file my_file-v3.cif (mmCIF, C-alpha atoms and all ligand atoms)
data_data
loop_
_atom_site.label_atom_id
_atom_site.label_comp_id
_atom_site.auth_asym_id
_atom_site.auth_seq_id
_atom_site.Cartn_x
_atom_site.Cartn_y
_atom_site.Cartn_z
CA MET P 57 -19.76 -34.58 16.34
CA THR P 58 -18.90 -31.35 18.15
CA ASP P 59 -21.70 -29.08 19.39
CA TYR P 60 -21.21 -25.73 17.68
CA PRO P 61 -22.56 -22.53 19.25
CA VAL P 62 -26.20 -21.90 18.27
CA GLY P 63 -25.36 -18.28 17.53
CA LEU P 64 -22.73 -19.33 15.01
CA ILE P 65 -25.08 -21.79 13.31
CA GLU P 66 -27.75 -19.07 13.06
CA SER P 67 -25.23 -16.55 11.67
CA LEU P 68 -24.17 -19.10 9.05
CA ARG P 69 -27.74 -19.79 7.98
CA MET P 70 -28.69 -16.10 7.86
CA ALA P 71 -25.51 -14.85 6.20
CA ARG P 72 -25.91 -12.90 2.97
CA HIS P 73 -22.20 -12.54 2.22
CA ILE P 74 -19.51 -14.71 3.78
CA VAL P 75 -15.79 -13.99 3.36
CA VAL P 76 -13.35 -16.85 3.91
CA LEU P 77 -9.63 -16.10 4.31
CA THR P 78 -7.46 -19.22 4.21
CA GLY P 79 -3.82 -19.88 4.96
CA ALA P 80 -1.47 -22.82 4.72
CA GLY P 81 -3.25 -24.67 7.56
CA VAL P 82 -6.14 -25.48 5.22
CA SER P 83 -3.70 -27.46 3.04
CA ALA P 84 -1.89 -29.14 5.95
CA GLU P 85 -4.28 -32.13 5.80
CA SER P 86 -3.47 -32.42 2.09
CA GLY P 87 0.13 -33.13 3.04
CA VAL P 88 1.36 -29.69 1.95
CA PRO P 89 3.60 -28.34 4.74
CA THR P 90 2.51 -25.00 6.17
CA PHE P 91 4.67 -22.00 5.50
CA ARG P 92 6.20 -22.04 8.96
CA ASP P 93 6.55 -25.81 9.24
CA ALA P 94 10.14 -26.87 9.54
CA GLN P 95 11.63 -27.29 6.07
CA THR P 96 12.92 -30.77 5.31
CA GLY P 97 15.87 -32.39 3.60
CA LEU P 98 18.08 -30.15 1.50
CA TRP P 99 15.92 -27.18 2.37
CA ALA P 100 16.18 -27.63 6.16
CA GLN P 101 19.17 -25.27 6.13
CA TYR P 102 17.15 -22.43 4.62
CA ARG P 103 14.37 -20.23 6.01
CA PRO P 104 11.54 -19.50 3.56
CA GLU P 105 11.94 -15.84 4.39
CA ASP P 106 15.50 -16.05 2.98
CA LEU P 107 14.45 -17.68 -0.29
CA ALA P 108 11.11 -16.07 -1.15
CA THR P 109 12.59 -12.65 -1.90
CA PRO P 110 13.64 -10.67 -5.01
CA GLU P 111 17.11 -10.30 -3.46
CA ALA P 112 17.53 -14.07 -3.11
CA PHE P 113 16.46 -14.53 -6.75
CA GLN P 114 18.92 -11.81 -7.84
CA ARG P 115 21.70 -13.40 -5.80
CA ASP P 116 21.08 -17.04 -6.75
CA PRO P 117 18.21 -17.50 -9.24
CA GLY P 118 19.04 -21.18 -9.71
CA LEU P 119 18.68 -21.91 -5.97
CA VAL P 120 15.34 -20.08 -5.73
CA TRP P 121 14.03 -21.79 -8.89
CA ALA P 122 15.09 -25.20 -7.46
CA TRP P 123 13.36 -24.47 -4.13
CA TYR P 124 10.11 -23.65 -5.92
CA ALA P 125 10.46 -26.77 -8.09
CA TRP P 126 10.67 -28.78 -4.84
CA ARG P 127 7.66 -26.97 -3.36
CA ARG P 128 5.71 -27.38 -6.62
CA ALA P 129 6.33 -31.13 -6.48
CA LEU P 130 4.99 -31.17 -2.89
CA VAL P 131 1.90 -29.29 -4.02
CA GLU P 132 1.32 -31.47 -7.07
CA GLY P 133 1.41 -34.48 -4.73
CA GLY P 134 -1.33 -32.91 -2.60
CA LYS P 135 -5.06 -33.40 -3.14
CA PRO P 136 -7.89 -31.23 -1.80
CA ASN P 137 -9.02 -32.41 1.63
CA PRO P 138 -12.50 -32.37 3.28
CA GLY P 139 -11.89 -28.80 4.39
CA HIS P 140 -11.49 -27.61 0.78
CA PHE P 141 -14.61 -29.52 -0.28
CA ALA P 142 -16.62 -28.12 2.65
CA LEU P 143 -15.84 -24.60 1.39
CA VAL P 144 -17.17 -25.60 -2.06
CA GLU P 145 -20.36 -26.80 -0.31
CA LEU P 146 -20.58 -23.57 1.70
CA GLU P 147 -20.39 -21.58 -1.54
CA ARG P 148 -23.52 -23.47 -2.70
CA ARG P 149 -25.41 -22.76 0.50
CA VAL P 150 -25.07 -18.99 0.83
CA PRO P 151 -26.10 -16.11 -1.44
CA ARG P 152 -22.52 -14.87 -1.78
CA LEU P 153 -19.12 -16.23 -0.74
CA THR P 154 -15.78 -14.51 -1.36
CA LEU P 155 -12.89 -16.95 -0.96
CA ILE P 156 -9.55 -15.22 -0.37
CA THR P 157 -6.45 -17.35 -0.04
CA GLN P 158 -2.84 -16.71 0.91
CA ASN P 159 -2.02 -20.19 -0.39
CA VAL P 160 -0.23 -20.65 -3.67
CA ASP P 161 -1.09 -24.36 -4.11
CA GLY P 162 -4.26 -24.06 -6.23
CA LEU P 163 -6.05 -26.68 -4.09
CA HIS P 164 -9.19 -24.56 -3.63
CA GLN P 165 -9.64 -24.41 -7.43
CA GLN P 166 -8.88 -28.13 -7.69
CA ALA P 167 -11.66 -28.81 -5.13
CA GLY P 168 -14.14 -26.82 -7.25
CA SER P 169 -14.18 -23.39 -5.59
CA ARG P 170 -14.92 -20.68 -8.16
CA ALA P 171 -13.48 -17.15 -8.30
CA VAL P 172 -10.68 -17.77 -5.79
CA ILE P 173 -8.88 -14.54 -4.85
CA GLU P 174 -5.17 -15.47 -4.75
CA LEU P 175 -3.47 -12.78 -2.66
CA HIS P 176 -0.02 -14.35 -2.93
CA GLY P 177 -0.14 -15.79 -6.46
CA ASN P 178 0.04 -19.42 -7.53
CA ILE P 179 3.12 -21.67 -7.52
CA ARG P 180 1.78 -23.63 -10.49
CA ARG P 181 2.08 -20.53 -12.69
CA THR P 182 5.39 -19.21 -14.07
CA LYS P 183 6.06 -15.64 -15.17
CA CYS P 184 8.80 -13.64 -16.85
CA SER P 185 10.77 -11.76 -14.17
CA ARG P 186 11.36 -8.91 -16.64
CA GLU P 187 7.91 -8.47 -18.25
CA ASN P 188 5.85 -9.78 -15.30
CA LEU P 189 3.73 -11.79 -17.77
CA VAL P 190 2.59 -15.38 -17.20
CA ILE P 191 4.50 -17.77 -19.47
CA ASP P 192 2.93 -21.17 -20.17
CA GLU P 193 5.60 -22.70 -22.42
CA TRP P 194 9.30 -22.28 -22.90
CA VAL P 195 12.25 -24.13 -24.47
CA ASP P 196 14.08 -26.25 -21.90
CA THR P 197 17.73 -25.62 -22.72
CA GLY P 198 18.85 -27.03 -19.37
CA GLU P 199 19.55 -23.50 -18.12
CA VAL P 200 18.16 -22.92 -14.60
CA PRO P 201 16.04 -20.88 -14.28
CA PRO P 202 14.79 -21.11 -17.89
CA ARG P 203 14.55 -18.03 -20.10
CA CYS P 204 11.46 -16.19 -21.29
CA PRO P 205 10.76 -17.15 -24.94
CA ARG P 206 9.69 -13.55 -25.62
CA CYS P 207 12.45 -11.41 -24.15
CA GLY P 208 15.08 -13.80 -22.77
CA GLY P 209 14.50 -12.65 -19.19
CA ARG P 210 14.73 -15.21 -16.39
CA LEU P 211 11.51 -17.09 -15.56
CA ARG P 212 10.26 -17.19 -11.94
CA PRO P 213 7.26 -18.55 -10.05
CA ASP P 214 4.15 -16.35 -10.22
CA VAL P 215 4.05 -15.86 -6.44
CA VAL P 216 4.38 -12.78 -4.23
CA TRP P 217 7.78 -12.58 -2.54
CA PHE P 218 8.55 -10.79 0.70
CA GLY P 219 8.84 -7.10 0.04
CA GLU P 220 6.77 -7.30 -3.17
CA ALA P 221 3.36 -5.72 -3.68
CA LEU P 222 0.31 -7.97 -3.74
CA PRO P 223 -1.73 -8.13 -6.98
CA PRO P 224 -3.64 -4.82 -6.67
CA VAL P 225 -7.00 -6.00 -8.04
CA ALA P 226 -7.02 -9.11 -5.82
CA LEU P 227 -6.19 -7.00 -2.76
CA GLN P 228 -8.89 -4.43 -3.58
CA ILE P 229 -11.54 -7.13 -3.96
CA ALA P 230 -10.42 -8.68 -0.66
CA ILE P 231 -10.63 -5.35 1.17
CA GLU P 232 -14.05 -4.45 -0.26
CA ALA P 233 -15.46 -7.89 0.53
CA SER P 234 -14.14 -7.74 4.12
CA GLN P 235 -15.81 -4.35 4.54
CA ALA P 236 -19.15 -5.60 3.20
CA CYS P 237 -19.55 -9.14 4.57
CA ASP P 238 -21.67 -10.18 7.53
CA LEU P 239 -19.59 -13.26 8.42
CA PHE P 240 -15.78 -13.59 8.12
CA PHE P 241 -13.88 -16.88 8.52
CA SER P 242 -10.12 -16.86 9.17
CA ILE P 243 -9.03 -20.46 8.60
CA GLY P 244 -5.57 -22.04 8.90
CA THR P 245 -3.56 -18.86 9.02
CA SER P 246 -1.14 -17.58 11.65
CA ALA P 247 -2.65 -14.12 11.06
CA LEU P 248 0.85 -12.61 11.06
CA VAL P 249 1.48 -11.44 7.52
CA GLU P 250 0.09 -8.12 6.27
CA PRO P 251 -2.01 -7.02 4.52
CA ALA P 252 -3.99 -10.29 4.79
CA ALA P 253 -3.83 -10.16 8.60
CA SER P 254 -5.77 -6.86 8.57
CA LEU P 255 -8.75 -8.23 6.63
CA PRO P 256 -10.58 -9.78 9.62
CA HIS P 257 -10.18 -6.49 11.48
CA LEU P 258 -11.83 -4.62 8.60
CA ALA P 259 -14.73 -7.07 8.96
CA LEU P 260 -14.86 -6.62 12.74
CA ALA P 261 -14.88 -2.83 12.36
CA GLN P 262 -18.11 -2.95 10.31
CA GLY P 263 -19.85 -5.37 12.67
CA ALA P 264 -19.30 -8.70 10.91
CA VAL P 265 -19.16 -11.91 12.93
CA VAL P 266 -15.53 -13.15 12.83
CA VAL P 267 -14.81 -16.88 13.23
CA GLU P 268 -11.34 -18.41 13.54
CA ILE P 269 -10.59 -22.06 12.79
CA ASN P 270 -7.08 -23.00 13.90
CA PRO P 271 -5.67 -25.60 16.33
CA THR P 272 -3.41 -22.95 17.85
CA VAL P 273 -3.85 -19.44 19.20
CA THR P 274 -3.02 -16.54 16.87
CA PRO P 275 -3.01 -12.73 17.23
CA LEU P 276 -6.61 -12.81 15.93
CA THR P 277 -7.93 -15.32 18.48
CA SER P 278 -8.75 -12.79 21.21
CA ALA P 279 -10.72 -10.59 18.79
CA ALA P 280 -12.72 -13.36 17.09
CA MET P 281 -16.32 -13.89 18.21
CA TYR P 282 -16.10 -17.66 17.70
CA VAL P 283 -12.89 -19.72 17.94
CA LEU P 284 -13.04 -23.35 16.74
CA PRO P 285 -9.72 -24.90 17.85
CA GLY P 286 -9.45 -27.85 15.50
CA PRO P 287 -8.16 -28.96 12.14
CA SER P 288 -10.15 -27.37 9.30
CA GLY P 289 -10.48 -30.70 7.48
CA GLN P 290 -12.58 -31.92 10.41
CA VAL P 291 -14.22 -28.72 11.68
CA LEU P 292 -15.50 -27.35 8.36
CA PRO P 293 -17.48 -30.43 7.25
CA GLU P 294 -18.94 -30.75 10.76
CA LEU P 295 -19.95 -27.09 10.78
CA ILE P 296 -21.68 -27.37 7.40
CA ARG P 297 -23.56 -30.48 8.53
CA ALA P 298 -24.59 -28.72 11.75
CA ALA P 299 -25.90 -25.70 9.87
CA TRP P 300 -27.64 -27.63 7.06
CA PRO P 301 -28.38 -31.09 8.47
CA ASP P 302 -30.98 -31.77 5.75
CA ARG P 303 -28.36 -32.43 3.11
CA ALA P 304 -25.42 -34.02 4.90
CA ASP P 305 -23.70 -34.69 1.61
CA VAL P 306 -20.46 -33.06 2.69
P1 LIG T 401 1.62 -20.30 8.49
O1 LIG T 401 2.50 -21.49 8.27
O2 LIG T 401 2.19 -19.01 8.99
O3 LIG T 401 0.44 -20.66 9.50
C1 LIG T 401 -0.29 -21.83 9.29
C2 LIG T 401 -1.39 -21.85 10.35
O4 LIG T 401 -2.19 -22.99 10.11
C3 LIG T 401 -0.85 -21.95 11.77
O5 LIG T 401 -1.49 -20.97 12.57
C4 LIG T 401 -1.27 -23.37 12.21
O6 LIG T 401 -1.63 -23.39 13.59
C5 LIG T 401 -2.48 -23.59 11.36
N1 LIG T 401 -2.78 -24.99 11.07
C6 LIG T 401 -1.93 -26.03 11.00
N2 LIG T 401 -2.61 -27.16 10.69
C7 LIG T 401 -3.92 -26.80 10.55
C8 LIG T 401 -5.12 -27.49 10.22
N3 LIG T 401 -5.11 -28.81 9.97
N4 LIG T 401 -6.28 -26.79 10.17
C9 LIG T 401 -6.30 -25.46 10.43
N5 LIG T 401 -5.20 -24.74 10.74
C10 LIG T 401 -4.03 -25.42 10.80
O7 LIG T 401 0.89 -20.05 7.10
P2 LIG T 401 0.09 -18.76 6.66
O8 LIG T 401 -0.65 -18.15 7.78
O9 LIG T 401 -0.71 -19.15 5.46
O10 LIG T 401 3.29 -15.34 2.35
O11 LIG T 401 1.25 -17.76 6.19
C11 LIG T 401 0.84 -16.53 5.62
C12 LIG T 401 1.89 -16.11 4.66
O12 LIG T 401 3.16 -16.09 5.32
C13 LIG T 401 2.10 -17.06 3.50
O13 LIG T 401 1.14 -16.89 2.50
C14 LIG T 401 3.46 -16.59 3.02
C15 LIG T 401 4.17 -16.34 4.34
O14 LIG T 401 4.91 -15.17 4.30
C16 LIG T 401 4.07 -15.15 1.21
O15 LIG T 401 4.75 -16.05 0.76
C17 LIG T 401 3.97 -13.80 0.63
#
call {"tool": "encode", "arguments": {"input": "my_file-v3.cif", "output": "structure tokens"}}
result
Amino acid sequence: MTDYPVGLIESLRMARHIVVLTGAGVSAESGVPTFRDAQTGLWAQYRPEDLATPEAFQRDPGLVWAWYAWRRALVEGGKPNPGHFALVELERRVPRLTLITQNVDGLHQQAGSRAVIELHGNIRRTKCSRENLVIDEWVDTGEVPPRCPRCGGRLRPDVVWFGEALPPVALQIAIEASQACDLFFSIGTSALVEPAASLPHLALAQGAVVVEINPTVTPLTSAAMYVLPGPSGQVLPELIRAAWPDRADV
């Protein structure tokens, strides 16, 4: 069991409002490759940045749909790991927790986290590319991608592509929470992609304690007050047990 800084443990126990921002690293221990992990098999020849764009979908909708079908299968094979469950436990321990994720795998919800703010959408949801409405059912005619049953437009994954705007309400909630919290966790994210990468800096600017959990250094590391360089599936349960040893049921 690692010894965590007393100041961090105290800040955790005293926190009124904690914001947690997660990235793909939180799902790594669920077997879901991170966004910048090398792609495998058929997809090794492609860069995500070249597939997750409106232009790629315009150019070759079938290829983009197939890539997301492959990624969806990876996600559906993944189960929440101890890091996801530790965040559910943290939510029970503090007066208010805002969980913001860049992940599209739905694993936080599967673990039991409530009110997850999905900045980049959710790969398990499908929407009409013309009406921008979530579509739950459609007729499988064999056409790839399938067509919207309402307007005949092509269906696409309900995720944010490069160059697209984030869901405005989700982003507004994330910004307001970052500006109001007293403790901000950045967990399993390379802290490279905006606007998510700016959220910890909004927290820092108003005096919040910022904690990073990541095995590698990121652009946020030098600004964070506490840096816990380990896998979140190990660090988070340990941290919860250290802060609330009475009920080590994590
Ligand atoms: P990345 O793949 O960029 O970064 C994953 C981070 O997780 C890296 O910093 C790893 O060091 C770290 N990591 C790996 N294993 C970990 C573990 N077990 N515990 C904790 N951390 C671990 O993924 P994101 O930062 O989530 O956006 O990428 C952000 C966004 O970039 C994605 O949401 C996607 C992409 O553009 C869109 O698709 C719009």
call {"tool": "axis_aligned_box", "arguments": {"input": "my_file-v3.cif", "around": "ligand LIG 401 (chain T)", "padding_each_side": "4 Å", "output": "JSON"}}
result
{"center_x": -0.7, "center_y": -21.3, "center_z": 7.1, "size_x": 19.2, "size_y": 23.0, "size_z": 21.0}
call {"tool": "residues_around", "arguments": {"input": "my_file-v3.cif", "residues": "segment 239-251 of chain P", "least_positions_apart": "4", "cutoff": "8 Å", "atoms": "only C-alpha atoms", "output": "list in words"}}
result
Ser67, Leu68, Ala71, His73, Ile74, Val75, Val76, Leu77, Thr78, Gly79, Ala80, Gly81, Val82, Ser234, Leu255, Pro256, Ala259, Ala264, Val265, Val266, Val267, Glu268, Ile269, Asn270, Thr274, Pro275, Leu276 and Ser288 of chain P
call {"tool": "residues_around", "arguments": {"input": "my_file-v3.cif", "residues": "Val172 of chain P", "least_positions_apart": "5", "cutoff": "12 Å", "atoms": "all atoms listed in the file", "output": "NGL selection string"}}
result
:P and (75-78 or 140 or 143-144 or 147 or 153-167 or 177-178 or 226 or 229-230)
call {"tool": "atom_distance", "arguments": {"input": "my_file-v3.cif", "atom1": "atom CA of Val273 of chain P", "atom2": "atom CA of Asp59 of chain P"}}
result
20.3 Å
call {"tool": "closest_residue", "arguments": {"input": "my_file-v3.cif", "among": "P:Asp214, P:Glu145, P:Asp302, P:Glu199", "to": "ligand LIG 401 (chain T)", "atoms": "all atoms listed in the file"}}
result
P:Asp214
call {"tool": "closest_residue", "arguments": {"input": "my_file-v3.cif", "among": "P:Trp121, P:Tyr102, P:Phe218, P:Trp194", "to": "ligand LIG 401 (chain T)", "atoms": "only C-alpha atoms and all ligand atoms"}}
result
P:Phe218
call {"tool": "build_atoms", "arguments": {"input": "my_file-v3.cif", "residues": "segment 149-160 of chain P", "atoms": "all heavy atoms", "output": "CSV table (one decimal), keeping the file's coordinate frame"}}
result
chain,number,residue,atom,x,y,z
P,149,ARG,N,-24.3,-22.9,-0.5
P,149,ARG,CA,-25.4,-22.8,0.5
P,149,ARG,C,-25.7,-21.3,0.8
P,149,ARG,O,-26.8,-21.0,1.3
P,149,ARG,CB,-24.9,-23.4,1.8
P,149,ARG,CG,-24.6,-24.8,1.8
P,149,ARG,CD,-25.8,-25.7,1.8
P,149,ARG,NE,-25.5,-27.1,1.9
P,149,ARG,CZ,-26.4,-28.0,2.3
P,149,ARG,NH1,-27.6,-27.6,2.5
P,149,ARG,NH2,-26.1,-29.2,2.3
P,150,VAL,N,-24.8,-20.4,0.4
P,150,VAL,CA,-25.1,-19.0,0.8
P,150,VAL,C,-25.2,-18.1,-0.4
P,150,VAL,O,-24.7,-18.4,-1.5
P,150,VAL,CB,-23.9,-18.5,1.7
P,150,VAL,CG1,-23.9,-19.3,3.0
P,150,VAL,CG2,-22.6,-18.5,1.0
P,151,PRO,N,-25.9,-17.0,-0.3
P,151,PRO,CA,-26.1,-16.1,-1.4
P,151,PRO,C,-24.8,-15.7,-2.1
P,151,PRO,O,-24.6,-15.6,-3.3
P,151,PRO,CB,-26.9,-14.9,-0.9
P,151,PRO,CG,-27.5,-15.4,0.4
P,151,PRO,CD,-26.6,-16.5,0.9
P,152,ARG,N,-23.8,-15.3,-1.2
P,152,ARG,CA,-22.5,-14.9,-1.8
P,152,ARG,C,-21.4,-15.3,-0.9
P,152,ARG,O,-21.5,-15.2,0.3
P,152,ARG,CB,-22.6,-13.3,-1.9
P,152,ARG,CG,-21.4,-12.8,-2.6
P,152,ARG,CD,-21.5,-11.3,-2.8
P,152,ARG,NE,-20.2,-10.8,-3.4
P,152,ARG,CZ,-19.9,-9.5,-3.3
P,152,ARG,NH1,-20.7,-8.6,-2.8
P,152,ARG,NH2,-18.8,-9.0,-3.8
P,153,LEU,N,-20.3,-15.9,-1.5
P,153,LEU,CA,-19.1,-16.2,-0.7
P,153,LEU,C,-17.9,-15.7,-1.5
P,153,LEU,O,-17.8,-15.9,-2.7
P,153,LEU,CB,-19.0,-17.7,-0.6
P,153,LEU,CG,-17.9,-18.2,0.3
P,153,LEU,CD1,-18.3,-19.4,1.2
P,153,LEU,CD2,-16.7,-18.7,-0.5
P,154,THR,N,-17.0,-15.0,-0.8
P,154,THR,CA,-15.8,-14.5,-1.4
P,154,THR,C,-14.7,-15.3,-0.7
P,154,THR,O,-14.5,-15.2,0.5
P,154,THR,CB,-15.6,-13.0,-1.1
P,154,THR,OG1,-16.7,-12.3,-1.6
P,154,THR,CG2,-14.3,-12.5,-1.8
P,155,LEU,N,-14.0,-16.1,-1.5
P,155,LEU,CA,-12.9,-17.0,-1.0
P,155,LEU,C,-11.6,-16.3,-1.3
P,155,LEU,O,-11.2,-16.1,-2.4
P,155,LEU,CB,-12.9,-18.4,-1.6
P,155,LEU,CG,-11.8,-19.3,-1.2
P,155,LEU,CD1,-11.7,-19.5,0.3
P,155,LEU,CD2,-12.0,-20.7,-1.8
P,156,ILE,N,-10.9,-15.9,-0.2
P,156,ILE,CA,-9.6,-15.2,-0.4
P,156,ILE,C,-8.5,-16.2,0.2
P,156,ILE,O,-8.7,-16.7,1.3
P,156,ILE,CB,-9.5,-13.9,0.5
P,156,ILE,CG1,-10.7,-13.0,0.1
P,156,ILE,CG2,-8.2,-13.2,0.4
P,156,ILE,CD1,-11.0,-11.9,1.1
P,157,THR,N,-7.5,-16.5,-0.6
P,157,THR,CA,-6.4,-17.4,0.0
P,157,THR,C,-5.1,-16.7,-0.1
P,157,THR,O,-4.8,-16.0,-1.0
P,157,THR,CB,-6.5,-18.7,-0.7
P,157,THR,OG1,-5.6,-19.6,0.0
P,157,THR,CG2,-6.0,-18.6,-2.2
P,158,GLN,N,-4.3,-17.1,0.9
P,158,GLN,CA,-2.8,-16.7,0.9
P,158,GLN,C,-2.0,-17.9,0.3
P,158,GLN,O,-0.8,-17.7,0.1
P,158,GLN,CB,-2.3,-16.4,2.3
P,158,GLN,CG,-3.1,-15.3,3.1
P,158,GLN,CD,-2.7,-15.3,4.5
P,158,GLN,OE1,-1.8,-14.6,4.9
P,158,GLN,NE2,-3.4,-16.0,5.3
P,159,ASN,N,-2.7,-19.0,0.1
P,159,ASN,CA,-2.0,-20.2,-0.4
P,159,ASN,C,-1.7,-20.1,-1.9
P,159,ASN,O,-2.5,-19.4,-2.6
P,159,ASN,CB,-2.9,-21.4,-0.1
P,159,ASN,CG,-3.1,-21.6,1.4
P,159,ASN,OD1,-2.4,-21.1,2.2
P,159,ASN,ND2,-4.2,-22.3,1.7
P,160,VAL,N,-0.7,-20.7,-2.3
P,160,VAL,CA,-0.2,-20.6,-3.7
P,160,VAL,C,-0.4,-22.0,-4.3
P,160,VAL,O,0.2,-22.2,-5.4
P,160,VAL,CB,1.2,-20.1,-3.7
P,160,VAL,CG1,1.3,-18.7,-3.2
P,160,VAL,CG2,2.2,-21.1,-3.0
